[in-house]
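Below: one structure, written as structure tokens.
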There are 2 protein chains.
Amino acid sequence: MAEENVIKPVIVLVQTQMAVNIGMCARAMLNCGLDELRLVAPRDGWPNDEAIAPATDAKRIVESAKVYSTVAEAVADCHQVYAATARIRHLNTPAVTAAEAATEMHQATLSTDGKNRPAVLFGPEASGLDNDAMSHADRLLHYPMNPEFTSLNLAQAVLLFSWEWWSNRAEATMTYEQGWEAAPRVELDHYLNRLESELEKAGFFPNPEKRPNTMQKIRALFSRSNLSSQEVNSLQGIISALISKRG
Amino acid sequence: MAEENVIKPVIVLVQTQMAVNIGMCARAMLNCGLDELRLVAPRDGWPNDEAIAPATDAKRIVESAKVYSTVAEAVADCHQVYAATARIRHLNTPAVTAAEAATEMHQATLSTDGKNRPAVLFGPEASGLDNDAMSHADRLLHYPMNPEFTSLNLAQAVLLFSWEWWSNRAEATMTYEQGWEAAPRVELDHYLNRLESELEKAGFFPNPEKRPNTMQKIRALFSRSNLSSQEVNSLQGIISALISKRG
């Protein structure tokens, strides 16, 4: 299936108090490729200009956010609902970690040819989701944090879920491209031979028996450094400079 | 080894502009079990009361943060340095994802019986780390985000790295060679300072304006090599030998 036709998780912010936090959530969503934001009864009304600046490039997500009166309406077209909460013993709803939830969502996407729509509910900043909101959830979604300090702010909670979703998707490639060209090994070899010769002249090898072992260690050091030709040239220049004032 | 004796990654905030962001970084660290914060030349001075409230329960981390004038001093006792940046083509330093960095750190912890101290550098909010700061790094650390919007705020960047470290700590497996001990960074720093001084005497820097850039490239080359103390000693010995017969 083409990635652009896949339905992504919907982020549902329930009774958010501060519009600035809505903007920061939108920004975290965009970082991780999410774009559908829904709001349930935001405290200070909607639309709200205070959400725009903190959203930075995610302004479009803020502007296209839909507003609902109730959680039920907000998730009406969704297939699974996750409730983000630190209270994981509740109503006998099963709890999963953010990473497990992300995996479940990707599996559901695969098995429905991209037509499955999950939602994640996030509660008000001060109190979190109430029992009524949590009763809409298939699953409680939690973050296995440092047990001595589990409190996350709203945008950080949205970021961590979104990050788990993004970095666990099948398309995620953890490789990187560097445009980097290592020097042909012969250049390193010329450098090391010259270094050895200059060290010899300088009396660096008082015990000839130990010389091969010493040079192996020096070679190993430079061999693992994946040097470019430019870097080998710099190292050659350093030898030239350091010996330049010899008798 | 007992977990309480294990050295954890140090978070180093370089030239942070807003003290409130330092507090938010401390909070994110505490969420994920990190507790050692270092500051390099914070713009608005230190200590700074504005960092306390946003730290919430992480007030202790803020209050025990140490301040340094330079990156070199801040990482002097560290064994590997990671530079968090969106610019992953730089100075030929290898780039790894936050998750890969976390895995490397856990492996180094295992192979050193908990004595290895890694550091992660985070730059100023507006501009990120500059070339000089990045030249201290073994690795560039990046977040494979939505390519259309990769900008993370400072506390979010700290949170995502810390989260990867925290949530991967159980899965770490031992693949590093046993018994390998990286040199504390201060030893590399002494070596590079001496090298620069000797190169200066030898007239290696005909154009003074290019000197910082040249030294950054040389520093980057050695920074990524995970040198042992013995290897740094060998490099010092090479300088001594090469200059030994100077007038």
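Just remember, in the structure tokens the first chain shown is A, the second B, etc., residues are 1-based per chain, and ligands are 1-based in the order shown.
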Following least-squares superposition on chain A, chain B shows a C-alpha RMSD, over all atoms in order, of 24.1 Å
Write down as a ChimeraX atom specification the residues of stretch 27-229 of chain B whose backbone DSSP state falls under helix (DSSP H, G or I). /B:27-31,49-63,71-74,98-111,131-134,154-167,185-201,208-223,229
Got a sec to pull out which chain A residues are within 8 Å of chain B, counting only C-alpha atoms, and send them as a VMD selection string? chain A and resid 28 30 to 33 57 144 to 146 148 to 152 156 159 to 160 166 to 167 174 176 178 to 180 198 to 199 202 to 204 217 to 218 221 to 222 224 to 225 227 231 234 238 to 239 241 to 247
Write out as a PyMOL selection string which residues come within 12 Å of A:Ile11 when counting only C-alpha atoms, dropping same-chain ones fewer than 5 positions away. chain A and resi 22+25-26+28-30+33-40+61-62+65-66+71+74-75+78+81-84+117-123+154-155+157-159+161-162+165
Would you mind exporting the chosen residues as a short mmCIF file (atom, residue, chain, number, x, y, z; two decimals), in the first residue's frame, restricted to N, CA and C atoms?
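Generated file (result.cif):
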data_model
loop_
_atom_site.label_atom_id
_atom_site.label_comp_id
_atom_site.auth_asym_id
_atom_site.auth_seq_id
_atom_site.Cartn_x
_atom_site.Cartn_y
_atom_site.Cartn_z
N ILE A 22 -1.67 23.30 23.16
CA ILE A 22 -2.22 22.71 21.94
C ILE A 22 -1.25 22.94 20.77
N CYS A 25 1.73 20.65 21.15
CA CYS A 25 1.38 19.27 20.76
C CYS A 25 1.39 19.13 19.24
N ALA A 26 0.87 20.13 18.55
CA ALA A 26 0.84 20.07 17.09
C ALA A 26 2.26 20.00 16.53
N ALA A 28 4.91 18.76 18.05
CA ALA A 28 5.46 17.41 18.32
C ALA A 28 4.89 16.40 17.33
N MET A 29 3.60 16.55 16.99
CA MET A 29 2.99 15.65 16.00
C MET A 29 3.70 15.76 14.65
N LEU A 30 3.92 17.01 14.21
CA LEU A 30 4.54 17.20 12.90
C LEU A 30 5.95 16.62 12.87
N GLY A 33 5.46 13.06 11.92
CA GLY A 33 4.66 12.70 10.76
C GLY A 33 3.17 12.54 11.01
N LEU A 34 2.68 12.96 12.17
CA LEU A 34 1.23 12.92 12.42
C LEU A 34 0.62 14.26 12.06
N ASP A 35 -0.66 14.25 11.65
CA ASP A 35 -1.22 15.53 11.22
C ASP A 35 -2.69 15.74 11.58
N GLU A 36 -3.31 14.76 12.20
CA GLU A 36 -4.72 14.95 12.51
C GLU A 36 -4.94 15.17 14.00
N LEU A 37 -5.39 16.40 14.33
CA LEU A 37 -5.58 16.81 15.71
C LEU A 37 -7.06 17.09 15.95
N ARG A 38 -7.59 16.54 17.04
CA ARG A 38 -8.98 16.82 17.41
C ARG A 38 -9.00 17.33 18.84
N LEU A 39 -9.92 18.24 19.11
CA LEU A 39 -10.02 18.87 20.42
C LEU A 39 -11.41 18.62 21.00
N VAL A 40 -11.44 18.21 22.26
CA VAL A 40 -12.72 18.06 22.96
C VAL A 40 -12.81 19.19 23.98
N ILE A 61 -1.64 22.22 11.15
CA ILE A 61 -2.30 21.21 11.99
C ILE A 61 -3.24 21.88 12.97
N VAL A 62 -2.79 22.98 13.56
CA VAL A 62 -3.63 23.74 14.50
C VAL A 62 -4.87 24.26 13.78
N ALA A 65 -7.51 21.67 13.02
CA ALA A 65 -8.03 20.85 14.14
C ALA A 65 -9.55 20.97 14.21
N LYS A 66 -10.22 19.85 14.43
CA LYS A 66 -11.69 19.88 14.58
C LYS A 66 -12.04 19.86 16.06
N VAL A 71 -16.04 13.29 24.07
CA VAL A 71 -15.09 12.28 23.61
C VAL A 71 -15.78 11.35 22.61
N ALA A 74 -15.79 12.78 19.27
CA ALA A 74 -14.44 12.95 18.71
C ALA A 74 -13.87 11.64 18.17
N VAL A 75 -14.29 10.52 18.73
CA VAL A 75 -13.71 9.25 18.29
C VAL A 75 -14.71 8.40 17.51
N CYS A 78 -13.33 6.36 14.68
CA CYS A 78 -12.07 5.66 14.97
C CYS A 78 -12.34 4.18 15.29
N VAL A 81 -9.38 3.09 20.48
CA VAL A 81 -9.09 4.29 21.27
C VAL A 81 -8.14 3.92 22.40
N TYR A 82 -7.07 4.69 22.50
CA TYR A 82 -6.10 4.53 23.58
C TYR A 82 -6.21 5.76 24.47
N ALA A 83 -6.15 5.55 25.79
CA ALA A 83 -6.20 6.66 26.74
C ALA A 83 -4.85 6.79 27.43
N ALA A 84 -4.16 7.91 27.18
CA ALA A 84 -2.85 8.12 27.80
C ALA A 84 -3.06 8.53 29.25
N ARG A 117 -8.25 3.32 11.75
CA ARG A 117 -7.98 4.63 12.34
C ARG A 117 -7.97 4.53 13.87
N PRO A 118 -6.78 4.57 14.49
CA PRO A 118 -6.71 4.61 15.94
C PRO A 118 -6.69 6.06 16.44
N ALA A 119 -7.10 6.23 17.70
CA ALA A 119 -7.03 7.56 18.33
C ALA A 119 -6.36 7.42 19.69
N VAL A 120 -5.67 8.48 20.09
CA VAL A 120 -5.10 8.51 21.44
C VAL A 120 -5.64 9.74 22.16
N LEU A 121 -6.24 9.51 23.33
CA LEU A 121 -6.78 10.60 24.15
C LEU A 121 -5.73 11.07 25.14
N PHE A 122 -5.62 12.40 25.26
CA PHE A 122 -4.75 13.01 26.29
C PHE A 122 -5.61 13.98 27.09
N GLY A 123 -5.52 13.91 28.42
CA GLY A 123 -6.40 14.70 29.28
C GLY A 123 -5.90 16.11 29.57
N LEU A 154 1.97 17.87 28.89
CA LEU A 154 1.11 17.40 27.80
C LEU A 154 1.86 17.22 26.49
N ALA A 155 2.62 18.24 26.09
CA ALA A 155 3.31 18.15 24.80
C ALA A 155 4.37 17.06 24.81
N ALA A 157 4.16 14.25 26.53
CA ALA A 157 3.44 12.98 26.41
C ALA A 157 3.05 12.71 24.96
N VAL A 158 2.56 13.76 24.28
CA VAL A 158 2.21 13.61 22.87
C VAL A 158 3.46 13.29 22.05
N LEU A 159 4.56 13.98 22.38
CA LEU A 159 5.81 13.74 21.64
C LEU A 159 6.26 12.28 21.79
N PHE A 161 4.62 9.50 22.58
CA PHE A 161 3.80 8.55 21.82
C PHE A 161 4.08 8.68 20.33
N SER A 162 4.09 9.92 19.84
CA SER A 162 4.26 10.15 18.40
C SER A 162 5.61 9.61 17.93
N TRP A 165 5.47 5.91 17.63
CA TRP A 165 4.74 5.54 16.41
C TRP A 165 5.63 5.73 15.19
#
Enumerate, as a list in words, the complete set of residues in stretch 23-233 of chain B that a backbone-based DSSP assignment places in strand (DSSP E or B).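 Assigned to strand (DSSP E or B), within stretch 23-233 of chain B: Leu37, Arg38, Leu39, Val40, Lys66, Val67, Tyr68, Gln80, Val81, Tyr82, Ala83, Ala84, Ala95, Val96, Thr97, Pro118, Ala119, Val120, Leu121, Phe122, Arg139, Leu140, Leu141, His142, Ala182 and Ser228 of chain B.
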Among the residues B:Glu73, B:Glu181, B:Asp44, B:Asp138, the one that comes closest to B:Asp113 [using only C-alpha atoms]: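 Going through B:Glu73, B:Glu181, B:Asp44, B:Asp138 one by one, the smallest distance to B:Asp113 is for B:Glu181.
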Would you please work out which residue, of A:Asn21, A:Gln80, A:Ser229, A:Ser111, is nearest to A:Leu140 when using only C-alpha atoms?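 Looking at the shortest contact to A:Leu140, the residue is A:Gln80.
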Taking into account only C-alpha atoms, which residue in the set B:Asn131, B:Asn168, B:Thr16, B:Asn5 is nearest to B:Asn116? B:Asn5
Residue nearest A:Asn193 - candidates A:Arg169, A:Lys210, A:Arg219, A:Lys115, atoms counted: only C-alpha atoms: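 Looking at the shortest contact to A:Asn193, the residue is A:Arg219.
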